[in-house]
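The file my_file.pdb comes next; it holds PDB, C-alpha atoms.
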```pdb
ATOM      1  CA  MET A   1     -57.847 164.771  43.595
ATOM      2  CA  THR A   2     -54.270 165.915  43.996
ATOM      3  CA  HIS A   3     -53.788 169.660  44.085
ATOM      4  CA  ALA A   4     -50.086 169.527  43.201
ATOM      5  CA  VAL A   5     -50.666 171.629  40.096
ATOM      6  CA  PHE A   6     -52.302 174.390  42.121
ATOM      7  CA  LYS A   7     -50.075 176.277  44.523
ATOM      8  CA  PRO A   8     -52.165 177.499  47.493
ATOM      9  CA  LYS A   9     -51.490 181.141  46.700
ATOM     10  CA  LEU A  10     -52.157 180.569  43.018
ATOM     11  CA  LEU A  11     -55.361 178.746  43.843
ATOM     12  CA  ALA A  12     -56.656 181.795  45.648
ATOM     13  CA  LEU A  13     -55.735 183.984  42.684
ATOM     14  CA  LEU A  14     -57.230 181.421  40.371
ATOM     15  CA  LEU A  15     -60.615 182.505  41.466
ATOM     16  CA  ALA A  16     -60.521 186.211  40.742
ATOM     17  CA  ALA A  17     -61.255 187.857  37.404
ATOM     18  CA  SER A  18     -62.910 188.442  34.072
ATOM     19  CA  GLY A  19     -63.857 186.664  30.859
ATOM     20  CA  LEU A  20     -67.199 185.676  29.524
ATOM     21  CA  LEU A  21     -68.125 182.049  29.225
ATOM     22  CA  THR A  22     -69.726 182.449  25.849
ATOM     23  CA  ALA A  23     -69.070 178.974  24.463
ATOM     24  CA  CYS A  24     -70.556 176.932  27.282
ATOM     25  CA  GLY A  25     -74.004 178.150  26.630
ATOM     26  CA  GLY A  26     -75.826 177.088  29.756
ATOM     27  CA  GLY A  27     -77.163 178.306  33.009
ATOM     28  CA  SER A  28     -80.608 179.494  33.873
ATOM     29  CA  GLY A  29     -79.763 183.166  33.680
ATOM     30  CA  SER A  30     -81.634 183.811  36.928
ATOM     31  CA  ALA A  31     -80.837 187.226  38.310
ATOM     32  CA  SER A  32     -81.483 186.439  41.967
ATOM     33  CA  ALA A  33     -79.047 184.362  43.968
ATOM     34  CA  ILE A  34     -78.658 183.553  47.623
ATOM     35  CA  PRO A  35     -75.173 184.665  48.733
ATOM     36  CA  THR A  36     -72.996 182.044  50.396
ATOM     37  CA  THR A  37     -69.424 181.954  51.560
ATOM     38  CA  ASN A  38     -67.090 181.538  48.611
ATOM     39  CA  ALA A  39     -66.310 177.844  48.137
ATOM     40  CA  VAL A  40     -63.494 176.665  45.876
ATOM     41  CA  SER A  41     -63.499 173.437  43.866
ATOM     42  CA  SER A  42     -60.567 172.287  41.717
ATOM     43  CA  GLY A  43     -60.691 169.533  39.130
ATOM     44  CA  THR A  44     -61.237 168.746  35.480
ATOM     45  CA  ILE A  45     -64.288 169.825  33.527
ATOM     46  CA  SER A  46     -66.434 166.741  32.930
ATOM     47  CA  GLY A  47     -69.500 168.385  31.392
ATOM     48  CA  LEU A  48     -70.634 171.553  29.626
ATOM     49  CA  GLY A  49     -73.901 173.473  29.262
ATOM     50  CA  SER A  50     -72.822 175.370  32.373
ATOM     51  CA  ILE A  51     -69.875 173.310  33.658
ATOM     52  CA  ILE A  52     -69.499 170.215  35.799
ATOM     53  CA  VAL A  53     -66.429 170.020  38.060
ATOM     54  CA  ASN A  54     -65.990 167.193  40.595
ATOM     55  CA  GLY A  55     -69.555 166.099  39.883
ATOM     56  CA  ILE A  56     -71.056 169.511  40.712
ATOM     57  CA  ARG A  57     -72.853 171.526  38.024
ATOM     58  CA  TYR A  58     -72.140 175.259  38.231
ATOM     59  CA  GLU A  59     -74.218 177.966  36.595
ATOM     60  CA  THR A  60     -71.774 180.002  34.503
ATOM     61  CA  VAL A  61     -73.715 182.949  33.073
ATOM     62  CA  GLY A  62     -71.680 186.051  33.875
ATOM     63  CA  ALA A  63     -68.721 184.105  35.320
ATOM     64  CA  ASN A  64     -65.243 185.594  34.962
ATOM     65  CA  VAL A  65     -62.945 183.092  33.229
ATOM     66  CA  LEU A  66     -59.297 183.773  34.026
ATOM     67  CA  ASP A  67     -55.825 182.390  33.472
ATOM     68  CA  ALA A  68     -54.711 180.695  36.701
ATOM     69  CA  ASP A  69     -51.075 181.659  36.063
ATOM     70  CA  ASP A  70     -51.671 185.317  36.870
ATOM     71  CA  GLY A  71     -55.253 185.299  38.132
ATOM     72  CA  SER A  72     -56.243 188.279  35.994
ATOM     73  CA  THR A  73     -55.870 187.577  32.265
ATOM     74  CA  ALA A  74     -59.259 186.852  30.712
ATOM     75  CA  ILE A  75     -59.638 183.563  28.834
ATOM     76  CA  THR A  76     -61.709 184.081  25.698
ATOM     77  CA  THR A  77     -61.345 180.661  24.073
ATOM     78  CA  PRO A  78     -64.095 178.107  24.766
ATOM     79  CA  LEU A  79     -63.807 175.901  27.822
ATOM     80  CA  ARG A  80     -63.489 172.213  26.975
ATOM     81  CA  ILE A  81     -64.172 168.964  28.760
ATOM     82  CA  GLY A  82     -60.885 167.768  30.270
ATOM     83  CA  MET A  83     -59.493 171.232  31.067
ATOM     84  CA  THR A  84     -58.162 171.643  34.596
ATOM     85  CA  VAL A  85     -59.868 174.473  36.461
ATOM     86  CA  SER A  86     -60.648 175.934  39.863
ATOM     87  CA  VAL A  87     -64.119 177.348  40.393
ATOM     88  CA  GLU A  88     -64.970 179.987  42.976
ATOM     89  CA  GLN A  89     -68.604 179.799  43.950
ATOM     90  CA  ASN A  90     -70.552 183.032  44.250
ATOM     91  CA  GLY A  91     -73.891 182.148  45.772
ATOM     92  CA  THR A  92     -76.635 179.747  44.755
ATOM     93  CA  ASP A  93     -79.201 180.214  42.012
ATOM     94  CA  ALA A  94     -82.588 180.821  43.640
ATOM     95  CA  VAL A  95     -84.488 178.985  40.885
ATOM     96  CA  THR A  96     -82.292 175.935  40.188
ATOM     97  CA  SER A  97     -80.525 175.769  43.602
ATOM     98  CA  ARG A  98     -77.284 175.183  41.689
ATOM     99  CA  PRO A  99     -74.079 176.879  42.805
ATOM    100  CA  ILE A 100     -73.093 179.901  40.727
ATOM    101  CA  ALA A 101     -69.546 180.129  39.384
ATOM    102  CA  GLY A 102     -68.289 183.650  40.066
ATOM    103  CA  LYS A 103     -64.766 182.984  38.805
ATOM    104  CA  ILE A 104     -63.312 180.106  36.814
ATOM    105  CA  PHE A 105     -59.513 179.799  36.785
ATOM    106  CA  VAL A 106     -58.090 177.755  33.910
ATOM    107  CA  GLN A 107     -54.816 176.037  34.828
ATOM    108  CA  SER A 108     -52.768 175.856  31.656
ATOM    109  CA  GLY A 109     -51.130 172.530  30.969
ATOM    110  CA  ILE A 110     -47.909 171.155  29.538
ATOM    111  CA  LYS A 111     -47.047 172.680  26.170
ATOM    112  CA  GLY A 112     -44.542 171.457  23.633
ATOM    113  CA  LEU A 113     -43.863 169.091  20.770
ATOM    114  CA  ALA A 114     -45.622 165.718  21.036
ATOM    115  CA  SER A 115     -43.594 162.592  20.395
ATOM    116  CA  TYR A 116     -45.566 159.365  20.074
ATOM    117  CA  THR A 117     -43.802 156.074  19.427
ATOM    118  CA  GLY A 118     -45.654 152.810  19.855
ATOM    119  CA  SER A 119     -47.548 153.376  23.079
ATOM    120  CA  ALA A 120     -45.291 156.027  24.668
ATOM    121  CA  LEU A 121     -46.204 159.718  24.547
ATOM    122  CA  THR A 122     -43.915 162.532  25.626
ATOM    123  CA  VAL A 123     -44.475 166.272  25.378
ATOM    124  CA  ALA A 124     -41.502 168.609  25.765
ATOM    125  CA  GLY A 125     -39.599 165.494  26.898
ATOM    126  CA  MET A 126     -42.021 164.794  29.757
ATOM    127  CA  PRO A 127     -43.769 161.388  29.918
ATOM    128  CA  ILE A 128     -47.529 161.637  29.448
ATOM    129  CA  THR A 129     -49.966 158.874  30.359
ATOM    130  CA  THR A 130     -53.400 158.543  28.760
ATOM    131  CA  ASP A 131     -56.343 156.175  29.007
ATOM    132  CA  ALA A 132     -59.643 155.622  27.214
ATOM    133  CA  SER A 133     -61.124 158.730  28.876
ATOM    134  CA  THR A 134     -58.388 161.098  27.609
ATOM    135  CA  ILE A 135     -59.787 163.489  24.994
ATOM    136  CA  LEU A 136     -57.572 164.014  21.914
ATOM    137  CA  LEU A 137     -58.320 166.964  19.623
ATOM    138  CA  ASP A 138     -56.751 168.249  16.406
ATOM    139  CA  THR A 139     -56.350 171.943  15.522
ATOM    140  CA  THR A 140     -59.974 172.138  14.351
ATOM    141  CA  GLY A 141     -61.290 170.750  17.644
ATOM    142  CA  ALA A 142     -62.203 167.410  16.079
ATOM    143  CA  VAL A 143     -61.499 164.166  17.941
ATOM    144  CA  THR A 144     -58.312 162.484  16.736
ATOM    145  CA  ASN A 145     -55.711 159.920  17.879
ATOM    146  CA  LEU A 146     -52.192 159.995  19.323
ATOM    147  CA  ALA A 147     -50.545 158.929  16.063
ATOM    148  CA  THR A 148     -52.023 161.989  14.333
ATOM    149  CA  LEU A 149     -50.734 164.289  17.102
ATOM    150  CA  ASN A 150     -47.163 162.998  16.718
ATOM    151  CA  ASN A 151     -44.684 165.832  15.961
ATOM    152  CA  GLN A 152     -47.347 168.483  16.522
ATOM    153  CA  SER A 153     -47.350 171.328  19.022
ATOM    154  CA  VAL A 154     -49.876 170.406  21.720
ATOM    155  CA  GLU A 155     -51.202 171.472  25.108
ATOM    156  CA  VAL A 156     -51.876 168.764  27.691
ATOM    157  CA  TYR A 157     -54.296 169.291  30.590
ATOM    158  CA  GLY A 158     -54.321 166.902  33.533
ATOM    159  CA  LEU A 159     -52.524 166.044  36.766
ATOM    160  CA  PRO A 160     -48.933 165.164  37.742
ATOM    161  CA  GLN A 161     -48.507 161.614  39.057
ATOM    162  CA  ALA A 162     -46.299 160.261  41.857
ATOM    163  CA  ASP A 163     -44.055 158.432  39.344
ATOM    164  CA  GLY A 164     -43.113 161.704  37.633
ATOM    165  CA  SER A 165     -45.431 161.237  34.673
ATOM    166  CA  PHE A 166     -48.397 163.460  33.869
ATOM    167  CA  PHE A 167     -51.868 161.973  33.430
ATOM    168  CA  ALA A 168     -53.651 163.680  30.519
ATOM    169  CA  THR A 169     -57.361 164.422  30.618
ATOM    170  CA  LEU A 170     -57.181 166.513  27.409
ATOM    171  CA  VAL A 171     -54.539 166.764  24.672
ATOM    172  CA  GLU A 172     -55.191 169.369  21.990
ATOM    173  CA  ALA A 173     -53.109 170.400  19.003
ATOM    174  CA  GLU A 174     -52.053 174.048  18.942
ATOM    175  CA  THR A 175     -51.517 176.401  16.032
ATOM    176  CA  GLY A 176     -48.911 179.126  15.774
ATOM    177  CA  ALA A 177     -45.434 179.272  17.289
ATOM    178  CA  LEU A 178     -44.228 176.347  19.395
ATOM    179  CA  ASN A 179     -44.358 177.217  23.085
ATOM    180  CA  VAL A 180     -42.848 175.032  25.796
ATOM    181  CA  GLN A 181     -44.284 174.884  29.299
ATOM    182  CA  ILE A 182     -43.843 172.231  31.981
ATOM    183  CA  VAL A 183     -46.281 171.551  34.837
ATOM    184  CA  GLY A 184     -45.463 169.299  37.761
ATOM    185  CA  THR A 185     -44.429 168.961  41.390
ATOM    186  CA  VAL A 186     -41.041 170.339  42.447
ATOM    187  CA  GLN A 187     -39.159 167.564  44.256
ATOM    188  CA  SER A 188     -35.827 169.304  44.838
ATOM    189  CA  ILE A 189     -34.110 172.661  44.345
ATOM    190  CA  ASP A 190     -30.405 173.158  43.673
ATOM    191  CA  THR A 191     -29.712 176.757  44.742
ATOM    192  CA  THR A 192     -26.100 176.580  43.503
ATOM    193  CA  ALA A 193     -26.930 175.393  39.993
ATOM    194  CA  LYS A 194     -30.275 177.236  40.141
ATOM    195  CA  THR A 195     -32.203 174.223  38.874
ATOM    196  CA  LEU A 196     -35.412 172.422  39.830
ATOM    197  CA  ALA A 197     -36.066 168.702  39.694
TER     198      ALA A 197
END
```
Written as structure tokens, that's how I'd like the structure from this file.
Amino acid sequence: MTHAVFKPKLLALLLAASGLLTACGGGSGSASAIPTTNAVSSGTISGLGSIIVNGIRYETVGANVLDADDGSTAITTPLRIGMTVSVEQNGTDAVTSRPIAGKIFVQSGIKGLASYTGSALTVAGMPITTDASTILLDTTGAVTNLATLNNQSVEVYGLPQADGSFFATLVEAETGALNVQIVGTVQSIDTTAKTLA
């Protein structure tokens, strides 16, 4: 997986903080764990009931769930399949032998107004690619389609691609004020104009 979304310094911060994983339900709840060196795994959530990231199931009872942007703000909304996260391991459960997630850093995605015409999706003017595995959710959390998300405020989780597009693993409609946020790889900096490309 490409780690372009995660700056090395941010990745380290990603794994430090506080927020209960109340919606994932899961984990054995075992109190005893064998300490190990902290391992970090970054990827998209592919399963819940604890969480699965990069094919590894992490026990999540007591994990701190934090915003990757600052590494300290607690995330209280439920984690969803398709969200992009970094997980800092904190030992291994003595009963299940599964790694324990000490900290889960949620990397926020692209935010803005969705524009869907034919088969082309853009959010905040940025091209977004999807496939059959991309999860599309309306404001209630119900599965929907791209046509329904047209002209709605959305957040897109996923990974920047080499062609400048952004591959979406999760697109969810947002409520409230329209916020715009772009995620991607900086290719050039103009220090005179003070712009990024």
Inset, instruction - Identify which of the residues A:Met83, A:Val123, A:Leu149, A:Val61 lies closest to A:Ile110, counting all atoms listed in the file when measuring atom-to-atom distances. - result: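 Answer, going by the shortest atom-to-atom distance: A:Val123.
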Inset, instruction - Run the PyMOL selection byres ((chain A and resi 125-132) around 7) on the file and write out the hits as a list in words. - result: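 Residues picked by the PyMOL selection byres ((chain A and resi 125-132) around 7): Leu121, Thr122, Val123, Ala124, Ser133, Thr134, Ser165, Phe166, Phe167 and Ala168 of chain A.
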Inset, instruction - Between atom CA of A:Gly82 and atom CA of A:Glu59, measure the distance and give it in Å to one decimal. - result: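 For atom CA of A:Gly82 relative to atom CA of A:Glu59, the distance reads 17.9 Å.
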Inset, instruction - Rank nothing, just name the residue among A:Pro78, A:Gly91, A:Gly62, A:Gly118 nearest to A:Leu48, using all atoms listed in the file. - result: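 Among the listed residues, A:Pro78 lies closest to A:Leu48.
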For the file shown, what are the residues hit by the PyMOL selection byres ((chain A and resi 145) around 12), laid out as a PDB file with C-alpha atoms, keeping the file's coordinate frame?
```
ATOM      1  CA  TYR A 116     -45.566 159.365  20.074  1.00  0.00           C
ATOM      2  CA  SER A 119     -47.548 153.376  23.079  1.00  0.00           C
ATOM      3  CA  LEU A 121     -46.204 159.718  24.547  1.00  0.00           C
ATOM      4  CA  THR A 130     -53.400 158.543  28.760  1.00  0.00           C
ATOM      5  CA  ASP A 131     -56.343 156.175  29.007  1.00  0.00           C
ATOM      6  CA  ALA A 132     -59.643 155.622  27.214  1.00  0.00           C
ATOM      7  CA  THR A 134     -58.388 161.098  27.609  1.00  0.00           C
ATOM      8  CA  ILE A 135     -59.787 163.489  24.994  1.00  0.00           C
ATOM      9  CA  LEU A 136     -57.572 164.014  21.914  1.00  0.00           C
ATOM     10  CA  LEU A 137     -58.320 166.964  19.623  1.00  0.00           C
ATOM     11  CA  ASP A 138     -56.751 168.249  16.406  1.00  0.00           C
ATOM     12  CA  ALA A 142     -62.203 167.410  16.079  1.00  0.00           C
ATOM     13  CA  VAL A 143     -61.499 164.166  17.941  1.00  0.00           C
ATOM     14  CA  THR A 144     -58.312 162.484  16.736  1.00  0.00           C
ATOM     15  CA  LEU A 146     -52.192 159.995  19.323  1.00  0.00           C
ATOM     16  CA  ALA A 147     -50.545 158.929  16.063  1.00  0.00           C
ATOM     17  CA  THR A 148     -52.023 161.989  14.333  1.00  0.00           C
ATOM     18  CA  LEU A 149     -50.734 164.289  17.102  1.00  0.00           C
ATOM     19  CA  ASN A 150     -47.163 162.998  16.718  1.00  0.00           C
ATOM     20  CA  LEU A 170     -57.181 166.513  27.409  1.00  0.00           C
ATOM     21  CA  VAL A 171     -54.539 166.764  24.672  1.00  0.00           C
ATOM     22  CA  GLU A 172     -55.191 169.369  21.990  1.00  0.00           C
ATOM     23  CA  ALA A 173     -53.109 170.400  19.003  1.00  0.00           C
TER      24      ALA A 173
END
```
Inset, instruction - Any chance you could resolve the PyMOL selection byres ((chain A and resi 86) around 8) against this file and give the residues as a VMD selection string? - result: chain A and resid 11 14 to 15 40 to 43 84 to 85 87 to 88 104 to 107
Legend entry - Among the residues A:Ile189, A:Ala68, A:Leu196, A:Val156, the one that comes closest to A:Gly112 [using only C-alpha atoms]: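 Distance minimum relative to A:Gly112 lands on A:Val156.
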Taking every listed atom of stretch 132-145 of chain A and adding 5 Å to each side, what centre and edge lengths in Å (one decimal) does the axis-aligned box have, as lines of an AutoDock Vina configuration file?
```
center_x = -59.0
center_y = 163.9
center_z = 21.6
size_x = 16.5
size_y = 26.5
size_z = 24.5
```
Inset, instruction - Place a sphere of radius 7 Å on (-41.0, 164.7, 18.3) in the file coordinates and name every protein, DNA or RNA residue with an atom inside or on its surface, counting only C-alpha atoms; give the answer as a list of chain:residue names. - result: A:Leu113, A:Ala114, A:Ser115, A:Asn150, A:Asn151
Inset, instruction - Please measure the separation of atom CA of A:Ile81 and atom CA of A:Thr139, giving the value in Å to one decimal. - result: 15.7 Å
Inset, instruction - In the coordinates of the file, take the point (-51.0, 173.4, 26.3) and a cut-off of 7 Å; then, counting only C-alpha atoms, name each qualifying protein, DNA or RNA residue as a list in words. - result: Ser108, Gly109, Ile110, Lys111, Val154, Glu155, Val156 and Tyr157 of chain A
Just to be explicit: take each residue in the selection above, keep C-alpha atoms, and write the result as a PDB file, in the coordinates of the input.
```pdb
ATOM      1  CA  SER A 108     -52.768 175.856  31.656  1.00  0.00           C
ATOM      2  CA  GLY A 109     -51.130 172.530  30.969  1.00  0.00           C
ATOM      3  CA  ILE A 110     -47.909 171.155  29.538  1.00  0.00           C
ATOM      4  CA  LYS A 111     -47.047 172.680  26.170  1.00  0.00           C
ATOM      5  CA  VAL A 154     -49.876 170.406  21.720  1.00  0.00           C
ATOM      6  CA  GLU A 155     -51.202 171.472  25.108  1.00  0.00           C
ATOM      7  CA  VAL A 156     -51.876 168.764  27.691  1.00  0.00           C
ATOM      8  CA  TYR A 157     -54.296 169.291  30.590  1.00  0.00           C
TER       9      TYR A 157
END
```
Inset, instruction - Mind giving me the straight-line distance from atom CA of A:Val180 to atom CA of A:Ser153 in Å, one decimal? - result: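 One can read the atom CA of A:Val180 to atom CA of A:Ser153 distance as 8.9 Å.
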Legend entry - Counting only C-alpha atoms, the residue of A:Ser50, A:Thr140, A:Gln161, A:Thr60 that sits nearest A:Gly102: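 Answer, going by the shortest atom-to-atom distance: A:Thr60.
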Legend entry - For A:Gly141, the nearest of the candidates A:Gly164, A:Thr195, A:Thr77, A:Ser97, counting only C-alpha atoms: A:Thr77
